[in-house]
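First comes the structure, then the notes that go with it.
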Amino acid sequence: MNLSHPWSPFNCSSAAAVAAMGIALVLTSFSGCRKAPSTPAQIAPEVEVITVTTQTIPDEPEFIGRTQAFRPVEIRPQVTGIIKKIFFTEGRNVKTGNKLYLIDPVPFEAAYFSGKARVAQAQARLVQAEQEEARVKPLLEEQAVSRKSVDDAVAETLAAKAALEAAQSDLIRAKFDLDNTLITAPVSGRIGRSQFYEGRLVSAQTTLLTTIDQLDPMYVNVSVPESYLLRRRRDLAEHRIERPGIFQLRGVMTFSDGSVYPREGLLDFADVNLRSETGMLQTRFTFPNPEGGFAPGQSYFYPGQFVKIRLKGYIRPDAILIPQRAVQQMPTGSFVYVIGEGDKAELRPVRASLWYENEWLIDDGLQPGERVVVEGFHRVRPGAQVTAVPFQGEKTPNSRPEEKTTQNAS
C-alpha cells in the first residue's frame, strides 16, 4: 500500500494540522495588535471641613465645695453650776434672746445679796470718814488738834473709798454671775443637740452645751488647686482671658442630684497662704438662703453638703472652638488635619484645654481662616490632596466650658 498517495488518510490528517496552526497564528497576530487597558485617573477623596473663626465665650471652670453655716455659734456657760432647766427643743429654730438653759441660781443670788450688803457697809464707812475729815480740818487751823489727827482722817477717807470700790466690783461680778445663770440665744438660727441635761454639773467657759447654726446666708468653702492658679495667671498675662475684680466673681451651685440652686453666690474670701499638705488655696462664697429661717425639712440646703461651684465672671476673647470630632489623639498629644495650599492635608499638633459639650477650645496650633477636617479622616493622609466641602453637621448650642479634668477640693 502506497502511504504517500494524496488521498490516503495519513495525508488528510497532516493537512488539517497545518490548517489549524495557520488559524492560530492569525488569531495571535490579531491579539498582538490590541492595546493594553489603561489605569483610570485617581479621584481626590472628599472631606468635610470648617473654617476656623474666633469668638468671645465665658470661661466657667467648676470646683468641688462644701457648705458651712454662716455663724456656727458655740453655747458655753459663763458660770459653774448645776443645770436646772432646759427651755428649747433640740433641732428647732430659735431666735435671738430665747431662753436656752437655767443653771441653779440660788448660790449666785446669795453671793449677789452678800455683795450688796458689803457695798452698803463700805458706803457707811466712807460717809463716816468724810464727816470726820470735815470735822478735824477746821480744828487744825485753831491748833485744837494735831497735824497727825488730820492726816489720819484723810487716810481713813481714802481707805473707805477704796473699800467701797472693791465692794462695788464684787457686786458687779456677783450680778454678772447671777444674770448668766439664765443662758439665752445670742443669734437666730437652728439649735443642735444638747450635750448636757438637767442635773449635770457644767464648768464655766469650758463645757460645750450645744451649738446654733445661723443658716441665712450660707457659706460654701472651695479649695482651688495651685495648678489652676498658675494657669490662670499665665492666661491673664497673655490676655487669653479677662475678668472683673476677684471679689466680683460669682458662683453657681449644683447639688449632688444635679439640681441647681436658684440664687448665685459671691466670692467674699480668698486665703493668704496655700495649704502645704494639699497645695490648695481656700476660698469662700456667700449664698443667700432665705429658707434658712423655715422649719427643719424646708431649707434648701444644709451645712456639710458637698456641691459643685461653677465660677462665673471670666471671659475668653478671640477664642477658637472646633467640633470635638475634629480633634484626634496620638501618643504625643492632640492633633487635627488642616487643609492647606493646593487642597493638601497637613497633620497639625494642637493644644485643646476646655470643651463646650460638642466643641473643643483650642489654645494653640490654629489660626483664624484655616480649614480643619471634621469628617472623612479615614480618607486622609498627610500630604495627600483632598476635595474639601463645608461641614454639614448640625451644632448643638454651646453651654459652658468645662475643664478636661474636674478640679477636686478637699
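Every chain in the C-alpha cells takes a letter, A first, then B, and so on in the order presented; its residues are numbered from 1, and the ligands are numbered from 1 following the presented order.
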_Among stretch 128-351 of chain A, which ones does DSSP assign to alpha helix (DSSP H) (computed from the backbone)? Answer as number ranges by chain._
A: 128-141, 147-179, 226-237
Those selected residues, please, written with C-alpha atoms and delivered as an mmCIF file, in the first residue's frame.
data_model
loop_
_atom_site.group_PDB
_atom_site.id
_atom_site.type_symbol
_atom_site.label_atom_id
_atom_site.label_comp_id
_atom_site.auth_asym_id
_atom_site.auth_seq_id
_atom_site.Cartn_x
_atom_site.Cartn_y
_atom_site.Cartn_z
ATOM 1 C CA GLN A 128 -18.256 108.428 158.487
ATOM 2 C CA ALA A 129 -14.679 109.001 157.283
ATOM 3 C CA GLU A 130 -15.658 112.057 155.241
ATOM 4 C CA GLN A 131 -17.500 113.547 158.220
ATOM 5 C CA GLU A 132 -14.525 113.003 160.500
ATOM 6 C CA GLU A 133 -12.199 114.630 157.982
ATOM 7 C CA ALA A 134 -14.512 117.587 157.625
ATOM 8 C CA ARG A 135 -14.661 117.997 161.436
ATOM 9 C CA VAL A 136 -10.919 117.935 162.189
ATOM 10 C CA LYS A 137 -9.634 120.159 159.368
ATOM 11 C CA PRO A 138 -11.028 123.433 160.830
ATOM 12 C CA LEU A 139 -9.680 122.490 164.254
ATOM 13 C CA LEU A 140 -6.190 122.281 162.839
ATOM 14 C CA GLU A 141 -6.262 125.980 161.983
ATOM 15 C CA ARG A 147 -1.471 117.557 162.344
ATOM 16 C CA LYS A 148 -1.399 113.772 162.722
ATOM 17 C CA SER A 149 -5.104 113.668 163.573
ATOM 18 C CA VAL A 150 -5.913 115.442 160.323
ATOM 19 C CA ASP A 151 -3.645 113.123 158.315
ATOM 20 C CA ASP A 152 -5.305 110.084 159.919
ATOM 21 C CA ALA A 153 -8.726 111.419 158.988
ATOM 22 C CA VAL A 154 -7.687 111.957 155.358
ATOM 23 C CA ALA A 155 -6.179 108.468 155.161
ATOM 24 C CA GLU A 156 -9.348 106.938 156.570
ATOM 25 C CA THR A 157 -11.411 108.662 153.917
ATOM 26 C CA LEU A 158 -9.207 107.318 151.148
ATOM 27 C CA ALA A 159 -9.330 103.798 152.598
ATOM 28 C CA ALA A 160 -13.112 103.968 152.823
ATOM 29 C CA LYS A 161 -13.338 104.987 149.157
ATOM 30 C CA ALA A 162 -11.098 102.074 148.118
ATOM 31 C CA ALA A 163 -13.150 99.638 150.180
ATOM 32 C CA LEU A 164 -16.341 100.912 148.522
ATOM 33 C CA GLU A 165 -14.879 100.468 145.056
ATOM 34 C CA ALA A 166 -13.786 96.911 145.875
ATOM 35 C CA ALA A 167 -17.230 96.074 147.232
ATOM 36 C CA GLN A 168 -18.868 97.520 144.133
ATOM 37 C CA SER A 169 -16.597 95.431 141.904
ATOM 38 C CA ASP A 170 -17.548 92.295 143.810
ATOM 39 C CA LEU A 171 -21.194 93.218 143.408
ATOM 40 C CA ILE A 172 -20.796 93.668 139.658
ATOM 41 C CA ARG A 173 -19.204 90.228 139.432
ATOM 42 C CA ALA A 174 -21.941 88.678 141.550
ATOM 43 C CA LYS A 175 -24.589 90.348 139.374
ATOM 44 C CA PHE A 176 -22.871 89.049 136.238
ATOM 45 C CA ASP A 177 -22.821 85.500 137.575
ATOM 46 C CA LEU A 178 -26.457 85.697 138.617
ATOM 47 C CA ASP A 179 -27.554 87.040 135.251
ATOM 48 C CA GLU A 226 -2.252 75.588 92.687
ATOM 49 C CA SER A 227 -2.040 74.338 89.080
ATOM 50 C CA TYR A 228 -5.254 76.183 88.242
ATOM 51 C CA LEU A 229 -3.981 79.393 89.853
ATOM 52 C CA LEU A 230 -0.751 79.259 87.858
ATOM 53 C CA ARG A 231 -2.600 78.601 84.609
ATOM 54 C CA ARG A 232 -4.975 81.492 85.324
ATOM 55 C CA ARG A 233 -2.058 83.832 85.988
ATOM 56 C CA ARG A 234 -0.464 82.818 82.688
ATOM 57 C CA ASP A 235 -3.736 83.279 80.785
ATOM 58 C CA LEU A 236 -4.230 86.733 82.273
ATOM 59 C CA ALA A 237 -0.667 87.745 81.442
#
_Every residue of stretch 157-313 of chain A that DSSP places in strand (DSSP E or B), as a ChimeraX atom specification_ = /A:182-184,189-191,201-202,210-225,242,250-254,260,265-275,280-287,306-312
*Skip A:Leu347 itself and residues of its chain fewer than 4 positions away, then list as a PyMOL selection string all residues within 6 Å of it, counting only C-alpha atoms.*
chain A and resi 336-337+382
Okay, now the selection with C-alpha atoms, as a compact mmCIF listing (two decimals), in the first residue's frame?
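again-v3.txt was written with the following content:
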# COMPACT_ATOMS: atom_id res chain seq x y z
CA VAL A 336 -6.10 67.93 63.67
CA TYR A 337 -5.94 67.77 59.88
CA PRO A 382 -0.62 63.76 55.46
Per residue of stretch 70-158 of chain A within 10 Å of stretch 191-206 of chain A, what are the shortest atom pair and its distance in Å to one decimal, counting only C-alpha atoms, with rows by chain and residue number, as CSV?
residue,atom,partner,partner_atom,distance
A:Pro72,CA,A:Ile191,CA,9.7
A:Val73,CA,A:Ile191,CA,9.3
A:Glu74,CA,A:Ile191,CA,9.9
A:Ile75,CA,A:Gln205,CA,9.2
A:Arg76,CA,A:Gln205,CA,5.6
A:Pro77,CA,A:Ala204,CA,5.2
A:Gln78,CA,A:Ala204,CA,4.7
A:Val79,CA,A:Ala204,CA,4.3
A:Thr80,CA,A:Ser203,CA,4.4
A:Gly81,CA,A:Leu201,CA,5.5
A:Ile82,CA,A:Leu201,CA,4.5
A:Ile83,CA,A:Glu198,CA,4.9
A:Lys84,CA,A:Glu198,CA,5.3
A:Lys85,CA,A:Glu198,CA,5.8
A:Ile86,CA,A:Glu198,CA,7.0
A:Phe88,CA,A:Ile191,CA,8.5
A:Thr89,CA,A:Ile191,CA,8.2
A:Glu90,CA,A:Arg193,CA,5.2
A:Gly91,CA,A:Gly192,CA,5.0
A:Arg92,CA,A:Ile191,CA,5.8
A:Asn93,CA,A:Ile191,CA,6.1
A:Val94,CA,A:Ile191,CA,6.7
A:Lys95,CA,A:Ile191,CA,9.8
A:Leu100,CA,A:Ile191,CA,9.7
A:Tyr101,CA,A:Tyr197,CA,9.2
A:Leu102,CA,A:Glu198,CA,9.1
A:Ile103,CA,A:Val202,CA,8.8
A:Asp104,CA,A:Gly199,CA,9.4
For the residues in that selection, give me C-alpha atoms as a short mmCIF file (atom, residue, chain, number, x, y, z; two decimals), in the first residue's frame.
data_model
loop_
_atom_site.label_atom_id
_atom_site.label_comp_id
_atom_site.auth_asym_id
_atom_site.auth_seq_id
_atom_site.Cartn_x
_atom_site.Cartn_y
_atom_site.Cartn_z
CA PRO A 72 -21.76 78.31 113.87
CA VAL A 73 -22.10 79.67 117.44
CA GLU A 74 -20.98 77.60 120.44
CA ILE A 75 -23.08 77.87 123.59
CA ARG A 76 -20.95 77.64 126.74
CA PRO A 77 -21.83 78.53 130.35
CA GLN A 78 -20.27 81.60 131.97
CA VAL A 79 -20.63 80.17 135.46
CA THR A 80 -20.01 76.80 137.08
CA GLY A 81 -23.11 75.12 138.41
CA ILE A 82 -25.88 72.54 138.03
CA ILE A 83 -28.27 72.67 135.07
CA LYS A 84 -31.74 73.15 136.50
CA LYS A 85 -33.86 73.51 133.36
CA ILE A 86 -33.68 73.33 129.54
CA PHE A 88 -35.57 74.64 123.97
CA THR A 89 -36.41 71.67 121.74
CA GLU A 90 -33.38 70.19 120.02
CA GLY A 91 -33.10 70.64 116.27
CA ARG A 92 -35.56 73.54 116.12
CA ASN A 93 -35.13 77.17 115.12
CA VAL A 94 -34.50 79.69 117.88
CA LYS A 95 -34.40 83.48 117.84
CA LEU A 100 -31.94 78.00 126.45
CA TYR A 101 -30.64 76.83 129.87
CA LEU A 102 -31.08 77.74 133.52
CA ILE A 103 -28.25 76.99 135.92
CA ASP A 104 -29.34 76.77 139.59
#
_Just the number, please: distance in Å from atom CA of A:Gly365 to atom CA of A:Arg348, one decimal._
7.0 Å
_So that I can check the surroundings of A:Pro317, please list as number ranges by chain every protein, DNA and RNA residue that reaches within 8 Å of it, counting only C-alpha atoms and ignoring chain neighbours fewer than 5 positions away._
A: 54-57, 240-242
_Can you tell me which residues surround A:Phe301 at a distance of at most 12 Å, considering only C-alpha atoms, apart from same-chain residues fewer than 4 positions away, and format the answer as a ChimeraX atom specification?_
/A:66-69,215-220,253-256,259-262,287-294,296-297,305-307
_Point-to-point distance from atom CA of A:Tyr300 to atom CA of A:Thr96, Å rounded to tenths_ = 22.3 Å
*Contacts of A:Arg371 at 8 Å (only C-alpha atoms; same-chain gap of 3+ positions) as a ChimeraX atom specification*: /A:49-52,338-340
What does the file look like for those residues with N, CA and C atoms, as a tab-separated table (two decimals), in the first residue's frame?
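Once everything was written out, this is selection14.tsv:
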chain	number	residue	atom	x	y	z
A	49	VAL	N	-15.06	70.04	55.98
A	49	VAL	CA	-14.18	70.94	56.74
A	49	VAL	C	-14.99	72.10	57.30
A	50	ILE	N	-14.41	72.74	58.32
A	50	ILE	CA	-14.93	74.01	58.83
A	50	ILE	C	-13.81	75.05	58.72
A	51	THR	N	-14.19	76.30	58.64
A	51	THR	CA	-13.23	77.39	58.63
A	51	THR	C	-13.11	77.96	60.03
A	52	VAL	N	-11.89	78.05	60.53
A	52	VAL	CA	-11.65	78.49	61.90
A	52	VAL	C	-12.02	79.96	62.05
A	338	VAL	N	-5.39	69.88	58.82
A	338	VAL	CA	-5.64	71.19	58.24
A	338	VAL	C	-5.46	71.09	56.72
A	339	ILE	N	-6.37	71.65	55.98
A	339	ILE	CA	-6.28	71.66	54.52
A	339	ILE	C	-5.57	72.94	54.10
A	340	GLY	N	-4.36	72.77	53.54
A	340	GLY	CA	-3.54	73.92	53.19
A	340	GLY	C	-3.60	74.24	51.71
_Which residue of A:Glu109, A:Asp318, A:Glu142, A:Glu264 approaches A:Thr53 most closely, using only C-alpha atoms_ = A:Asp318
_Rounded to one decimal, what separation in Å do you get between atom CA of A:Thr283 and atom CA of A:Val222?_
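Distance between the two atoms: 5.2 Å.
In terms of minimum interatomic distance to A:Tyr302, A:Phe70 ranks closest within A:Ile64, A:Ser146, A:Asp364, A:Phe70, counting only C-alpha atoms.
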*asked:* Calculated over only C-alpha atoms, which of the candidates A:Ala388, A:Ala122, A:Leu366, A:Val374 has the smallest distance to A:Gln324?
replied: A:Val374
